[in-house]
Amino acid sequence: MGSMQDIVLLGLNHKTAPVELRECLTISKDETSIALKAFQDLPSVREVMLFSTCNRVEVLMVVQDKTSAVDAVKFFLSGLKHLPVTEFEKALYTHQGDDAVRHVFRVAASLDSMVVGEPQILGQIKEAYQTATTMKTSGVLLNKLLHRTFFTAKRIRTETGIGNNAVSVSYAAIELGKKIFGSLEGKKVLLIGAGEMAELAVEHLIRNRALNIVVANRTFETGVELAETFKGRAIRFDEIGDALQEVDIIISSTGSPGYVVTRNHVKEIARHRRNRPLFFIDIAVPRDIDPEINRLSNSYVYDIDDLQGIVDENVEDRHKEAVKGERIVDEAVLSFRNWYENLAVTPTIVELRKKVEGIARGELEKTLHAIKHLSAEDLEAVNRMVDAMVKKILHDPTMLLKGSRKHRDTSVYLDTIRKLFKLDE
Amino acid sequence: MCYTLSTVGYLMYLFLQKEYLQKTGFYLLAGGFLGHTVELGHRFIQTGYFPVHNLHETLSLAAWTMAGVFLLFQHRIGLRILGVYAAPLITFAMITAARLPNVPKEMGDLLNSLWLVAHVVAIFIGEAALALACGAGIMYLLQENAIKSKHRGFFFRRLPSLELLDSTGYACIVTGFTMLTLGLITGLIYAKSVWGRFWNWDPKEIWSGITWLLYAALLHQRLTIGWRGRRAAIMAIIGFAVILFTFLGVNFFLKGHHGEFTRM
């Protein structure tokens, strides 16, 4: 049995490597299989898994010999990507033992992500682990470590607010919409103009089952095209006034120098709408929606700065929550180490018990062989006594082994006990 | 006692946002309600009269109906955060009741008509529902302010959507108004049977009429031109303030034949 130092992680991420380098080293699904196969054949590597996202490449291993394993992995990556080792060596980090475990926990819980708390990373790691199990490159240690990882990541997600609030402008808009309308299901959306962020917001709305996308564009043809992608319909720019009577959410992103929707527009139609709420999302600069509309009852206007303000606030909140996440990670690392050390002492405890039990049983049999007059009840009683003696004799050494990590290095005790009872012969 | 603990549970829920706290609050409140029901039933059997003889009993009964109506609404709509408003209100009513002397007054047979019991029960249920409407209204205003001002503070995350608050308030008002109407009708019938007239121009009657008209106007506006959101919320709060005055204020400041119920 090795030590916890055999767990080694080698990788690079958005903090250590610029995007150009990460691009060069991104490992595809097929390449992952090839790499795992190659690593499996290395004598210095016992277990291995590999994950690669656009922000990181990480190789997690249980090694026989650290230096040669790390060198072999570097060499392989260099060959696979046709990149000299010197080109990426500086960006690499190597963690070992507790640090490697902590790193895996932090990555999976999205504490190490570019956008802290983003939920995709856990799925990506799960997938990578799946690949490793199919390729049979993961063993007892990685299996346990990864299950702990998933458990810890989930715990951090539920017990902290790390993933609570939107950290992109379009998501922030959706979240606000939910606070106004409850559910976005069946809501009608008007998209004025076009633009990446606006279209992203519409997509989020559709995913939240908003209905009826209406697109208004200065160039009607562009509007028709855009409407087709959203399975909506296009209207002419001067029909916006009429459309306002029906829709619930308006996303505006035009290059217009003046307001496209003014306060009077909205005031006129409020009665016709029976005061159903209207939510304006104004992504344009200069603004398309008269901010005065926010003063009207049942109308809400958010411009790009308001949304960005929310995002900034949320990012700050997430960083605060991340501190709680780090504490949970610390706990998890400690608990993993306990498990590992128990794992290390388990074989010795089992052997010790076998040995003592063997002696006791052997002697008991010999003795009973000589005494024939015992009744069934007496036999039972003697058996029970022997069992109890074995148990009591083993109790203290077992507890010492299991609890020894609290005092000193386990290996000292392990060694002594194995020698005392001649377990290795 | 359960009500107080429930209040604590709900307040902790408000701050800590843990699901189990809200559940505990709910079950404590339900437990309190059951205990309260048993106590009221026991008193009724023992004394043989409907317990509205003094302010202590009236308040206690009001708290009881409030708890019952809240539990029912909670069960139907599931607006959990409303407990943060309802539980303290109930507790407050109970504590006030407990501090008042509980001396049964002789009131003769005046109070043992079936019409009167129906009158009191209907009015109390109605008022409890309208109290909840007021709570939903307050929450609506808080949440709307958070959204409009763009400074999402303490409440933004904790309160549900405007839509849900608005529809809950509306449901409470419809229920409350219906019960209030029933209560007024039974009251009128009872008045006819006792005093021979439907309407006596008693201050309580006048104020009840005002309350009823207020809510009638609110509902009318909502149904015709879609009065909702902020205005509806403010009206619900004003309406409840008027109810409180009708319920307690009139008895203290003005004289009339309802006075006995809140006599100390």
# chains A, B, ... in the order shown; residues from 1 in each chain; ligands from 1

call {"tool": "closest_atom_pairs", "arguments": {"of": "chain A", "to": "chain B", "cutoff": "9 Å", "atoms": "only C-alpha atoms", "output": "CSV"}}
result
residue,atom,partner,partner_atom,distance
A:Leu176,CA,B:Ile147,CA,7.9
A:Gly177,CA,B:Ser161,CA,8.9
A:Lys178,CA,B:Ser161,CA,6.6
A:Lys179,CA,B:Ser161,CA,4.1
A:Ile180,CA,B:Leu162,CA,5.0
A:Phe181,CA,B:Glu163,CA,5.1
A:Gly182,CA,B:Ser161,CA,4.9
A:Ser183,CA,B:Ser161,CA,8.5
A:Arg271,CA,B:Ile225,CA,6.8
A:His272,CA,B:Ile225,CA,8.5
A:Arg273,CA,B:Gly226,CA,8.3
A:Arg274,CA,B:Gly226,CA,4.5
A:Asn275,CA,B:Gly226,CA,5.8
A:Arg276,CA,B:Gly226,CA,7.8
A:Pro277,CA,B:Gly229,CA,8.4
A:Asn294,CA,B:Lys148,CA,6.8
A:Arg295,CA,B:Lys148,CA,8.0
A:Ser297,CA,B:Arg230,CA,6.9
A:Asn298,CA,B:Gly229,CA,6.5
A:Ser299,CA,B:Lys148,CA,8.8
A:Tyr300,CA,B:Lys148,CA,6.5
A:Val301,CA,B:Lys148,CA,7.9
A:Tyr302,CA,B:Lys150,CA,8.1
A:Asp306,CA,B:Lys150,CA,6.8
A:Leu307,CA,B:Lys150,CA,8.9
A:Gly309,CA,B:Lys150,CA,8.8
A:Ile310,CA,B:Lys150,CA,8.2

call {"tool": "select_by_dssp", "arguments": {"residues": "range 135-254 of chain A", "states": "alpha helix (DSSP H)", "output": "count of residues only"}}
result
59

call {"tool": "residues_around", "arguments": {"residues": "range 180-183 of chain B", "least_positions_apart": "4", "cutoff": "12 Å", "atoms": "only C-alpha atoms", "output": "PyMOL selection string"}}
result
chain B and resi 115-130+172-176+187-190+205+208-216+243

call {"tool": "write_last_selection", "arguments": {"atoms": "C-alpha atoms", "output": "CSV table (one decimal), in the first residue's frame"}}
result
chain,number,residue,atom,x,y,z
B,115,TRP,CA,-78.0,33.9,13.4
B,116,LEU,CA,-75.6,35.6,15.7
B,117,VAL,CA,-73.1,32.7,15.7
B,118,ALA,CA,-73.2,32.6,11.9
B,119,HIS,CA,-72.8,36.4,11.9
B,120,VAL,CA,-69.7,36.3,14.1
B,121,VAL,CA,-68.1,33.3,12.4
B,122,ALA,CA,-68.6,34.7,8.9
B,123,ILE,CA,-67.3,38.2,9.9
B,124,PHE,CA,-64.2,36.7,11.6
B,125,ILE,CA,-63.3,34.4,8.7
B,126,GLY,CA,-63.8,37.3,6.4
B,127,GLU,CA,-61.6,39.6,8.5
B,128,ALA,CA,-58.9,37.0,8.8
B,129,ALA,CA,-58.8,36.6,5.0
B,130,LEU,CA,-58.6,40.3,4.6
B,172,CYS,CA,-57.8,36.6,-0.1
B,173,ILE,CA,-59.9,39.6,-0.9
B,174,VAL,CA,-62.5,37.6,-2.8
B,175,THR,CA,-62.8,35.2,0.0
B,176,GLY,CA,-62.8,37.9,2.6
B,187,GLY,CA,-76.1,40.4,11.1
B,188,LEU,CA,-79.0,42.3,9.4
B,189,ILE,CA,-81.3,39.4,9.8
B,190,TYR,CA,-80.3,39.0,13.5
B,205,GLU,CA,-73.0,49.2,11.4
B,208,SER,CA,-69.0,48.0,8.6
B,209,GLY,CA,-70.9,49.4,5.7
B,210,ILE,CA,-68.0,51.7,4.9
B,211,THR,CA,-65.6,48.7,5.0
B,212,TRP,CA,-67.8,46.7,2.7
B,213,LEU,CA,-68.1,49.5,0.2
B,214,LEU,CA,-64.4,50.0,0.2
B,215,TYR,CA,-63.7,46.4,-0.7
B,216,ALA,CA,-66.6,46.3,-3.1
B,243,ILE,CA,-61.4,46.8,9.5

call {"tool": "residues_around", "arguments": {"residues": "Val311 in chain A", "least_positions_apart": "2", "cutoff": "9 Å", "atoms": "only C-alpha atoms", "output": "short mmCIF file (atom, residue, chain, number, x, y, z; two decimals) with N, CA and C atoms, in the first residue's frame"}}
result
data_model
loop_
_atom_site.label_atom_id
_atom_site.label_comp_id
_atom_site.auth_asym_id
_atom_site.auth_seq_id
_atom_site.Cartn_x
_atom_site.Cartn_y
_atom_site.Cartn_z
N ASN A 165 -27.25 33.13 -8.10
CA ASN A 165 -27.73 34.26 -8.87
C ASN A 165 -27.05 34.38 -10.22
N ALA A 166 -27.80 34.96 -11.11
CA ALA A 166 -27.32 35.06 -12.48
C ALA A 166 -26.05 35.89 -12.55
N VAL A 167 -25.09 35.42 -13.33
CA VAL A 167 -23.87 36.19 -13.50
C VAL A 167 -23.64 36.56 -14.96
N SER A 168 -24.72 36.48 -15.76
CA SER A 168 -24.61 37.04 -17.11
C SER A 168 -25.81 37.96 -17.28
N VAL A 169 -25.64 38.96 -18.15
CA VAL A 169 -26.69 39.96 -18.30
C VAL A 169 -28.01 39.32 -18.73
N TYR A 171 -29.07 36.26 -18.30
CA TYR A 171 -29.65 35.49 -17.21
C TYR A 171 -30.25 36.38 -16.13
N ALA A 172 -29.56 37.47 -15.87
CA ALA A 172 -30.07 38.41 -14.86
C ALA A 172 -31.45 38.92 -15.29
N ASP A 306 -28.24 48.75 -15.44
CA ASP A 306 -28.96 48.14 -14.31
C ASP A 306 -28.65 46.66 -14.24
N LEU A 307 -28.72 46.03 -15.41
CA LEU A 307 -28.49 44.58 -15.45
C LEU A 307 -27.05 44.26 -15.08
N GLN A 308 -26.13 45.07 -15.61
CA GLN A 308 -24.72 44.84 -15.29
C GLN A 308 -24.49 45.02 -13.78
N GLY A 309 -25.21 46.00 -13.22
CA GLY A 309 -25.11 46.24 -11.78
C GLY A 309 -25.51 45.01 -10.99
N GLU A 313 -23.15 42.66 -8.57
CA GLU A 313 -23.57 42.34 -7.20
C GLU A 313 -23.56 40.83 -6.98
N ASN A 314 -24.10 40.12 -7.98
CA ASN A 314 -24.19 38.67 -7.86
C ASN A 314 -22.83 38.01 -7.83
N VAL A 315 -21.93 38.53 -8.66
CA VAL A 315 -20.58 37.96 -8.69
C VAL A 315 -19.96 38.13 -7.30
N GLU A 316 -20.17 39.30 -6.73
CA GLU A 316 -19.63 39.55 -5.39
C GLU A 316 -20.23 38.57 -4.38
#

call {"tool": "atom_distance", "arguments": {"atom1": "CA of Gly163 in chain A", "atom2": "CA of Asp303 in chain A"}}
result
23.8 Å

call {"tool": "select_by_dssp", "arguments": {"residues": "range 177-340 of chain A", "states": "strand (DSSP E or B)", "output": "PyMOL selection string"}}
result
chain A and resi 188-193+211-216+233-235+249-253+261+278-282+289+299-303

call {"tool": "write_last_selection", "arguments": {"atoms": "C-alpha atoms", "output": "PDB file, in the first residue's frame"}}
result
ATOM      1  CA  LYS A 188     -45.249  36.934 -25.186  1.00  0.00           C
ATOM      2  CA  VAL A 189     -41.973  38.525 -26.161  1.00  0.00           C
ATOM      3  CA  LEU A 190     -41.240  41.438 -28.464  1.00  0.00           C
ATOM      4  CA  LEU A 191     -37.713  41.740 -29.798  1.00  0.00           C
ATOM      5  CA  ILE A 192     -36.921  45.164 -31.213  1.00  0.00           C
ATOM      6  CA  GLY A 193     -33.747  45.266 -33.307  1.00  0.00           C
ATOM      7  CA  LEU A 211     -44.464  31.810 -26.181  1.00  0.00           C
ATOM      8  CA  ASN A 212     -44.932  33.906 -29.298  1.00  0.00           C
ATOM      9  CA  ILE A 213     -41.803  35.761 -30.219  1.00  0.00           C
ATOM     10  CA  VAL A 214     -42.539  38.901 -32.201  1.00  0.00           C
ATOM     11  CA  VAL A 215     -39.634  40.557 -34.003  1.00  0.00           C
ATOM     12  CA  ALA A 216     -39.585  44.173 -35.141  1.00  0.00           C
ATOM     13  CA  ARG A 233     -43.401  36.308 -36.534  1.00  0.00           C
ATOM     14  CA  ALA A 234     -42.055  39.587 -37.840  1.00  0.00           C
ATOM     15  CA  ILE A 235     -43.812  42.934 -37.764  1.00  0.00           C
ATOM     16  CA  ILE A 249     -41.651  41.271 -22.225  1.00  0.00           C
ATOM     17  CA  ILE A 250     -39.886  43.690 -24.549  1.00  0.00           C
ATOM     18  CA  ILE A 251     -36.212  43.288 -25.388  1.00  0.00           C
ATOM     19  CA  SER A 252     -34.795  46.214 -27.283  1.00  0.00           C
ATOM     20  CA  SER A 253     -31.451  46.507 -28.978  1.00  0.00           C
ATOM     21  CA  VAL A 261     -40.787  53.434 -26.923  1.00  0.00           C
ATOM     22  CA  LEU A 278     -44.859  45.062 -18.836  1.00  0.00           C
ATOM     23  CA  PHE A 279     -41.170  44.289 -18.517  1.00  0.00           C
ATOM     24  CA  PHE A 280     -38.713  46.223 -20.689  1.00  0.00           C
ATOM     25  CA  ILE A 281     -35.169  44.990 -21.145  1.00  0.00           C
ATOM     26  CA  ASP A 282     -33.162  47.728 -22.817  1.00  0.00           C
ATOM     27  CA  ILE A 289     -36.754  52.716 -23.861  1.00  0.00           C
ATOM     28  CA  SER A 299     -44.184  48.726 -15.905  1.00  0.00           C
ATOM     29  CA  TYR A 300     -40.580  47.825 -15.230  1.00  0.00           C
ATOM     30  CA  VAL A 301     -37.589  49.047 -17.182  1.00  0.00           C
ATOM     31  CA  TYR A 302     -34.084  47.694 -16.872  1.00  0.00           C
ATOM     32  CA  ASP A 303     -31.282  49.042 -19.025  1.00  0.00           C
TER      33      ASP A 303
END

call {"tool": "residues_around", "arguments": {"residues": "Val356 in chain A", "least_positions_apart": "4", "cutoff": "8 Å", "atoms": "only C-alpha atoms", "output": "CSV table (one decimal) with C-alpha atoms, in the first residue's frame"}}
result
chain,number,residue,atom,x,y,z
A,352,LEU,CA,-4.1,-9.3,12.8
A,360,ALA,CA,-7.5,-19.1,19.6
A,390,VAL,CA,-10.1,-12.4,21.0

call {"tool": "closest_residue", "arguments": {"among": "B:Val69, B:Leu79, B:Ala232, B:Trp64", "to": "Leu141 in chain B", "atoms": "only C-alpha atoms"}}
result
B:Ala232

call {"tool": "residues_around", "arguments": {"residues": "Ile359 in chain A", "least_positions_apart": "3", "cutoff": "12 Å", "atoms": "only C-alpha atoms", "output": "ChimeraX atom specification"}}
result
/A:352-356,362-366,386-387,389-390,421

call {"tool": "residues_around", "arguments": {"residues": "Ala201 in chain A", "least_positions_apart": "4", "cutoff": "8 Å", "atoms": "only C-alpha atoms", "output": "list in words"}}
result
Ser170, Tyr171, Ala173, Ile174, Met197 and Leu205 of chain A

call {"tool": "closest_residue", "arguments": {"among": "A:Asp6, A:Glu127, A:Asp330, A:Glu175", "to": "Thr67 in chain A", "atoms": "only C-alpha atoms"}}
result
A:Asp6

call {"tool": "atom_distance", "arguments": {"atom1": "CA of Phe33 in chain B", "atom2": "CA of Ala63 in chain B"}}
result
9.2 Å

call {"tool": "closest_residue", "arguments": {"among": "A:Asn143, A:Thr131, A:Thr229, A:Ser138", "to": "Asp30 in chain A", "atoms": "only C-alpha atoms"}}
result
A:Thr131
